[in-house]
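Engineer: What follows is the file work_21.pdb, containing PDB, C-alpha atoms:
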```
MODEL        1
ATOM      1  CA  MET A 176     114.661 125.453 120.065  1.00  0.00           C
ATOM      2  CA  GLN A 177     116.815 122.401 120.841  1.00  0.00           C
ATOM      3  CA  LYS A 178     113.750 120.500 122.022  1.00  0.00           C
ATOM      4  CA  ILE A 179     112.093 120.962 118.649  1.00  0.00           C
ATOM      5  CA  GLY A 180     115.222 119.733 116.839  1.00  0.00           C
ATOM      6  CA  LEU A 181     115.414 116.675 119.067  1.00  0.00           C
ATOM      7  CA  MET A 182     111.706 116.060 118.510  1.00  0.00           C
ATOM      8  CA  VAL A 183     112.203 116.173 114.714  1.00  0.00           C
ATOM      9  CA  VAL A 184     115.140 113.735 114.886  1.00  0.00           C
ATOM     10  CA  VAL A 185     113.239 111.284 117.116  1.00  0.00           C
ATOM     11  CA  SER A 186     110.120 111.517 114.931  1.00  0.00           C
ATOM     12  CA  GLY A 187     112.177 110.923 111.795  1.00  0.00           C
ATOM     13  CA  ALA A 188     113.855 107.925 113.404  1.00  0.00           C
ATOM     14  CA  LEU A 189     110.446 106.510 114.370  1.00  0.00           C
ATOM     15  CA  ILE A 190     109.236 106.877 110.775  1.00  0.00           C
ATOM     16  CA  VAL A 191     112.311 105.066 109.437  1.00  0.00           C
ATOM     17  CA  ILE A 192     111.929 102.288 112.037  1.00  0.00           C
ATOM     18  CA  GLY A 193     108.224 101.993 111.155  1.00  0.00           C
ATOM     19  CA  LEU A 194     109.024 101.643 107.451  1.00  0.00           C
ATOM     20  CA  ILE A 195     111.635  98.964 108.164  1.00  0.00           C
ATOM     21  CA  LEU A 196     109.196  97.065 110.393  1.00  0.00           C
ATOM     22  CA  LEU A 197     106.512  97.353 107.715  1.00  0.00           C
ATOM     23  CA  ALA A 198     108.802  95.822 105.090  1.00  0.00           C
ATOM     24  CA  LEU A 199     109.869  93.037 107.470  1.00  0.00           C
ATOM     25  CA  GLY A 200     106.268  92.381 108.475  1.00  0.00           C
ATOM     26  CA  ASN A 201     105.165  92.001 104.859  1.00  0.00           C
ATOM     27  CA  GLN A 202     108.071  89.651 104.189  1.00  0.00           C
ATOM     28  CA  VAL A 203     107.207  87.507 107.237  1.00  0.00           C
ATOM     29  CA  ILE A 204     103.504  87.375 106.324  1.00  0.00           C
ATOM     30  CA  LEU A 205     104.163  86.492 102.677  1.00  0.00           C
ATOM     31  CA  ASP A 206     107.018  84.088 103.436  1.00  0.00           C
ATOM     32  CA  GLU A 207     104.931  80.920 103.034  1.00  0.00           C
ATOM     33  CA  ILE A 208     102.640  82.347 100.335  1.00  0.00           C
ATOM     34  CA  ASN A 209     103.584  81.235  96.817  1.00  0.00           C
ATOM     35  CA  GLN A 210     102.934  83.891  94.187  1.00  0.00           C
ATOM     36  CA  GLY A 211     102.836  83.743  90.423  1.00  0.00           C
ATOM     37  CA  ASN A 212     101.430  85.385  87.349  1.00  0.00           C
ATOM     38  CA  GLY A 213     100.768  84.551  83.750  1.00  0.00           C
ATOM     39  CA  ILE A 214      98.496  84.738  80.771  1.00  0.00           C
ATOM     40  CA  VAL A 215      95.200  82.856  80.872  1.00  0.00           C
ATOM     41  CA  SER A 216      92.880  82.048  77.943  1.00  0.00           C
ATOM     42  CA  THR A 217      90.640  79.177  76.821  1.00  0.00           C
ATOM     43  CA  ASN A 218      93.753  77.246  75.750  1.00  0.00           C
ATOM     44  CA  GLN A 219      95.955  78.126  78.699  1.00  0.00           C
ATOM     45  CA  ASP A 220      95.439  77.951  82.466  1.00  0.00           C
ATOM     46  CA  VAL A 221      97.616  79.539  85.115  1.00  0.00           C
ATOM     47  CA  ILE A 222      98.562  77.078  87.857  1.00  0.00           C
ATOM     48  CA  ILE A 223     100.301  78.105  91.083  1.00  0.00           C
ATOM     49  CA  SER A 224     101.146  75.451  93.651  1.00  0.00           C
ATOM     50  CA  THR A 225     102.512  75.360  97.164  1.00  0.00           C
ATOM     51  CA  ASP A 226     103.164  72.792  99.879  1.00  0.00           C
ATOM     52  CA  ILE A 227     101.015  73.178 102.987  1.00  0.00           C
ATOM     53  CA  ASP A 228     101.365  71.158 106.198  1.00  0.00           C
ATOM     54  CA  SER A 229      98.003  70.301 107.788  1.00  0.00           C
ATOM     55  CA  GLN A 230      99.758  69.933 111.172  1.00  0.00           C
ATOM     56  CA  GLU A 231     100.759  73.627 111.099  1.00  0.00           C
ATOM     57  CA  THR A 232      97.501  75.150 109.858  1.00  0.00           C
ATOM     58  CA  SER A 233      93.925  74.175 109.114  1.00  0.00           C
ATOM     59  CA  MET A 234      93.180  77.085 106.765  1.00  0.00           C
ATOM     60  CA  GLY A 235      94.664  78.205 103.484  1.00  0.00           C
ATOM     61  CA  ILE A 236      94.188  81.405 101.545  1.00  0.00           C
ATOM     62  CA  PHE A 237      94.286  82.346  97.897  1.00  0.00           C
ATOM     63  CA  ALA A 238      94.114  85.675  96.123  1.00  0.00           C
ATOM     64  CA  ILE A 239      93.582  86.584  92.473  1.00  0.00           C
ATOM     65  CA  GLN A 240      94.199  89.964  90.858  1.00  0.00           C
ATOM     66  CA  VAL A 241      93.078  90.730  87.310  1.00  0.00           C
ATOM     67  CA  MET A 242      93.261  93.981  85.382  1.00  0.00           C
ATOM     68  CA  ASN A 243      90.289  95.035  83.235  1.00  0.00           C
ATOM     69  CA  ILE A 244      88.080  92.104  84.146  1.00  0.00           C
ATOM     70  CA  GLU A 245      85.024  91.276  82.074  1.00  0.00           C
ATOM     71  CA  GLU A 246      81.986  89.428  83.400  1.00  0.00           C
ATOM     72  CA  ASN A 247      81.749  85.648  83.567  1.00  0.00           C
ATOM     73  CA  ILE A 248      85.012  84.775  81.855  1.00  0.00           C
ATOM     74  CA  LEU A 249      87.336  83.823  84.736  1.00  0.00           C
ATOM     75  CA  SER A 250      87.057  81.084  87.311  1.00  0.00           C
ATOM     76  CA  VAL A 251      89.384  79.659  89.919  1.00  0.00           C
ATOM     77  CA  LYS A 252      89.590  76.317  91.670  1.00  0.00           C
ATOM     78  CA  ILE A 253      91.715  74.847  94.432  1.00  0.00           C
ATOM     79  CA  LEU A 254      92.977  71.289  94.126  1.00  0.00           C
ATOM     80  CA  ASP A 255      94.150  69.311  97.157  1.00  0.00           C
ATOM     81  CA  PRO A 256      97.191  66.965  97.123  1.00  0.00           C
ATOM     82  CA  LEU A 257      95.023  64.233  95.535  1.00  0.00           C
ATOM     83  CA  ASP A 258      93.975  66.663  92.741  1.00  0.00           C
ATOM     84  CA  ILE A 259      90.419  66.767  94.088  1.00  0.00           C
ATOM     85  CA  GLU A 260      88.662  70.130  93.734  1.00  0.00           C
ATOM     86  CA  ILE A 261      87.987  71.459  97.243  1.00  0.00           C
ATOM     87  CA  SER A 262      86.987  75.025  96.409  1.00  0.00           C
ATOM     88  CA  SER A 263      85.956  77.007  93.351  1.00  0.00           C
ATOM     89  CA  ALA A 264      84.717  80.476  92.508  1.00  0.00           C
ATOM     90  CA  ASP A 265      83.879  82.696  89.580  1.00  0.00           C
ATOM     91  CA  ILE A 266      85.890  85.907  89.454  1.00  0.00           C
ATOM     92  CA  TYR A 267      83.772  89.067  89.171  1.00  0.00           C
ATOM     93  CA  GLU A 268      86.110  91.646  90.713  1.00  0.00           C
ATOM     94  CA  GLU A 269      89.641  92.819  89.992  1.00  0.00           C
ATOM     95  CA  THR A 270      90.795  91.450  93.352  1.00  0.00           C
ATOM     96  CA  THR A 271      89.402  88.317  94.977  1.00  0.00           C
ATOM     97  CA  GLU A 272      90.612  86.712  98.202  1.00  0.00           C
ATOM     98  CA  LYS A 273      89.145  83.606  99.853  1.00  0.00           C
ATOM     99  CA  THR A 274      90.051  80.940 102.370  1.00  0.00           C
ATOM    100  CA  PHE A 275      89.843  77.177 102.099  1.00  0.00           C
ATOM    101  CA  SER A 276      90.227  74.225 104.472  1.00  0.00           C
ATOM    102  CA  ILE A 277      93.461  72.252 104.745  1.00  0.00           C
ATOM    103  CA  LEU A 278      92.686  68.590 105.409  1.00  0.00           C
ATOM    104  CA  GLU A 279      95.852  66.866 104.199  1.00  0.00           C
ATOM    105  CA  THR A 280      99.539  67.710 104.013  1.00  0.00           C
ATOM    106  CA  GLY A 281     100.856  68.145 100.479  1.00  0.00           C
ATOM    107  CA  GLU A 282     100.825  70.260  97.376  1.00  0.00           C
ATOM    108  CA  TYR A 283      97.773  72.490  96.886  1.00  0.00           C
ATOM    109  CA  LYS A 284      97.151  74.048  93.472  1.00  0.00           C
ATOM    110  CA  LEU A 285      95.463  77.273  92.480  1.00  0.00           C
ATOM    111  CA  VAL A 286      94.107  76.902  88.928  1.00  0.00           C
ATOM    112  CA  ILE A 287      92.925  80.042  87.114  1.00  0.00           C
ATOM    113  CA  GLN A 288      90.831  79.405  83.987  1.00  0.00           C
ATOM    114  CA  SER A 289      89.137  81.530  81.343  1.00  0.00           C
ATOM    115  CA  THR A 290      86.263  81.048  78.904  1.00  0.00           C
ATOM    116  CA  SER A 291      87.521  83.881  76.691  1.00  0.00           C
ATOM    117  CA  ASN A 292      89.776  83.560  73.665  1.00  0.00           C
ATOM    118  CA  GLU A 293      91.429  86.823  74.704  1.00  0.00           C
ATOM    119  CA  GLU A 294      94.663  86.561  76.637  1.00  0.00           C
ATOM    120  CA  ILE A 295      94.249  88.001  80.133  1.00  0.00           C
ATOM    121  CA  HIS A 296      97.146  88.735  82.483  1.00  0.00           C
ATOM    122  CA  VAL A 297      96.447  87.457  86.002  1.00  0.00           C
ATOM    123  CA  PHE A 298      98.307  87.437  89.307  1.00  0.00           C
ATOM    124  CA  GLY A 299      97.652  84.765  91.931  1.00  0.00           C
ATOM    125  CA  ALA A 300      98.875  83.697  95.337  1.00  0.00           C
ATOM    126  CA  ILE A 301      98.219  80.642  97.498  1.00  0.00           C
ATOM    127  CA  GLY A 302      99.456  79.468 100.873  1.00  0.00           C
ATOM    128  CA  PRO A 303      98.617  78.897 104.513  1.00  0.00           C
ATOM    129  CA  LEU A 304      96.593  81.563 106.292  1.00  0.00           C
ATOM    130  CA  PRO A 305      99.108  83.721 108.228  1.00  0.00           C
ATOM    131  CA  ASP A 306      98.669  83.517 111.982  1.00  0.00           C
ATOM    132  CA  GLU A 307      97.830  86.513 114.157  1.00  0.00           C
ATOM    133  CA  ASN A 308     101.356  86.754 115.620  1.00  0.00           C
ATOM    134  CA  LYS A 309     102.759  87.472 112.164  1.00  0.00           C
ATOM    135  CA  LYS A 310     100.030  90.013 111.454  1.00  0.00           C
ATOM    136  CA  SER A 311     100.744  91.860 114.724  1.00  0.00           C
ATOM    137  CA  LEU A 312     104.138  92.961 113.370  1.00  0.00           C
ATOM    138  CA  SER A 313     102.308  94.953 110.684  1.00  0.00           C
ATOM    139  CA  TYR A 314     100.069  96.601 113.278  1.00  0.00           C
ATOM    140  CA  ILE A 315     103.088  97.569 115.370  1.00  0.00           C
ATOM    141  CA  SER A 316     104.854  99.082 112.361  1.00  0.00           C
ATOM    142  CA  ILE A 317     101.800 101.155 111.458  1.00  0.00           C
ATOM    143  CA  ALA A 318     101.543 102.399 115.049  1.00  0.00           C
ATOM    144  CA  VAL A 319     105.234 103.422 115.047  1.00  0.00           C
ATOM    145  CA  LEU A 320     104.733 105.246 111.729  1.00  0.00           C
ATOM    146  CA  ILE A 321     101.701 107.116 113.067  1.00  0.00           C
ATOM    147  CA  ILE A 322     103.550 108.139 116.242  1.00  0.00           C
ATOM    148  CA  GLY A 323     106.446 109.413 114.126  1.00  0.00           C
ATOM    149  CA  MET A 324     104.100 111.424 111.907  1.00  0.00           C
ATOM    150  CA  ILE A 325     102.323 112.901 114.923  1.00  0.00           C
ATOM    151  CA  GLY A 326     105.726 113.893 116.314  1.00  0.00           C
ATOM    152  CA  LEU A 327     106.680 115.652 113.076  1.00  0.00           C
ATOM    153  CA  ILE A 328     103.362 117.497 112.934  1.00  0.00           C
ATOM    154  CA  SER A 329     103.647 118.482 116.610  1.00  0.00           C
ATOM    155  CA  SER A 330     107.188 119.776 116.162  1.00  0.00           C
ATOM    156  CA  THR A 331     106.075 121.838 113.158  1.00  0.00           C
ATOM    157  CA  ILE A 332     103.209 123.342 115.160  1.00  0.00           C
ATOM    158  CA  LEU A 333     105.546 124.134 118.071  1.00  0.00           C
ATOM    159  CA  LYS A 334     108.056 125.787 115.731  1.00  0.00           C
ATOM    160  CA  ILE A 335     105.301 127.972 114.211  1.00  0.00           C
ATOM    161  CA  LYS A 336     104.037 128.929 117.696  1.00  0.00           C
ATOM    162  CA  ASN A 337     107.565 129.868 118.830  1.00  0.00           C
ATOM    163  CA  ARG A 338     107.998 132.195 115.835  1.00  0.00           C
ATOM    164  CA  LYS A 339     104.904 134.158 116.744  1.00  0.00           C
TER     165      LYS A 339
ENDMDL
END
```
For the structure just supplied, provide its representation as structure tokens.
Structural biologist:
Amino acid sequence: MQKIGLMVVVSGALIVIGLILLALGNQVILDEINQGNGIVSTNQDVIISTDIDSQETSMGIFAIQVMNIEENILSVKILDPLDIEISSADIYEETTEKTFSILETGEYKLVIQSTSNEEIHVFGAIGPLPDENKKSLSYISIAVLIIGMIGLISSTILKIKNRK
């Protein structure tokens, strides 16, 4: 009986540690990503900018999230530090994520535009592509969570078996 209690405590601790690691991992990954939101229409663009160092990374990433999207009304473009368009896309889905090349150090801009007179609420993010070392923290946290859950399920099964 004491083994099952110890197993529950250890499994619970692993779940808590996994949740803490998951929160820290997301914070580390999103640390250099600049996020913003706003209303976009034909008269108003949403612009989100961030500084990216070409010595640290050669790839950038941007993401757009839109609720209740209609066809062919939203587009996005990336401007480099010289305000030259280096990437563009039409938005057809509620969530769009793409990468772009970093050639120069400076301020990169994500510009979200609309051809509709309706005001549309959008969320956007832009920054350097997170490296694999930062992403591994998320994988570790998920593994710890899964191990904790398996421990809780196993202890429940053992407790039921011991009652019979």
Engineer: Starting from the displayed file, determine the output of the PyMOL selection byres ((chain A and resi 305) around 12) and express the residue list as a ChimeraX atom specification.
Structural biologist: /A:200-208,227,231-237,274,301-304,306-313
Engineer: Tell me, as a tab-separated table (two decimals) with C-alpha atoms, keeping the file's coordinate frame, which residues lie within 8 Å of His296 of chain A, counting all atoms listed in the file; anything in the same chain fewer than 6 positions away does not count.
Structural biologist:
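And here's result.tsv as it stands now:
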```
chain	number	residue	atom	x	y	z
A	212	ASN	CA	101.43	85.38	87.35
A	213	GLY	CA	100.77	84.55	83.75
A	214	ILE	CA	98.50	84.74	80.77
A	215	VAL	CA	95.20	82.86	80.87
A	241	VAL	CA	93.08	90.73	87.31
A	242	MET	CA	93.26	93.98	85.38
```
Engineer: Please write as a ChimeraX atom specification the full residue list that the PyMOL selection byres ((chain A and resi 318) around 12) yields on this file.
Structural biologist: /A:189-190,192-194,196-197,311-317,319-325
Engineer: If I take atom CA of Glu293 of chain A and atom CA of Ser263 of chain A, how far is one from the other in Å, to one decimal?
Structural biologist: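 Going from atom CA of Glu293 of chain A over to atom CA of Ser263 of chain A covers 21.8 Å.
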Engineer: Compare A:Ser330, A:Ser216, A:Gln240, A:Asn292 by their minimum atom-to-atom distance to Leu181 of chain A, counting all atoms listed in the file, and give me the closest one.
Structural biologist: A:Ser330
Engineer: Measure the distance from atom CA of Ser291 of chain A to atom CA of Ser262 of chain A in Å and round it to one decimal.
Structural biologist: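 It comes out at 21.6 Å.
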Engineer: For atom CA of Ser289 of chain A and atom CA of Phe275 of chain A, quote the distance in Å rounded to one decimal.
Structural biologist: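 Here the two named atoms are 21.2 Å from each other.
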Engineer: Report as a list in words the full result of the PyMOL selection byres ((chain A and resi 245) around 10) when it is applied to this structure.
Structural biologist: Val241, Met242, Asn243, Ile244, Glu246, Asn247, Ile248, Leu249, Ile266, Tyr267, Glu268, Glu269, Ser291 and Ile295 of chain A
Engineer: At a cut-off of 7 Å, can you tabulate as a Markdown table every residue of segment 223-243 of chain A near segment 282-288 of chain A together with its closest atom pair and the distance in Å to one decimal, using only C-alpha atoms and ordering rows by chain then number?
Structural biologist:
```
| residue | atom | partner | partner_atom | distance |
| --- | --- | --- | --- | --- |
| A:Ile223 | CA | A:Leu285 | CA | 5.1 |
| A:Ser224 | CA | A:Lys284 | CA | 4.2 |
| A:Thr225 | CA | A:Glu282 | CA | 5.4 |
| A:Asp226 | CA | A:Glu282 | CA | 4.3 |
| A:Ile227 | CA | A:Glu282 | CA | 6.3 |
```
Engineer: Give me a file of those residues, with C-alpha atoms, as a compact mmCIF listing (two decimals), in the coordinates of the input.
Structural biologist:
```
# COMPACT_ATOMS: atom_id res chain seq x y z
CA ILE A 223 100.30 78.10 91.08
CA SER A 224 101.15 75.45 93.65
CA THR A 225 102.51 75.36 97.16
CA ASP A 226 103.16 72.79 99.88
CA ILE A 227 101.02 73.18 102.99
```
Engineer: Pick the closest to Gln210 of chain A from A:Leu257, A:Ala300, A:Val251, A:Met182: which is it, counting only C-alpha atoms?
Structural biologist: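 Between A:Leu257, A:Ala300, A:Val251, A:Met182, the residue approaching Gln210 of chain A most closely is A:Ala300.
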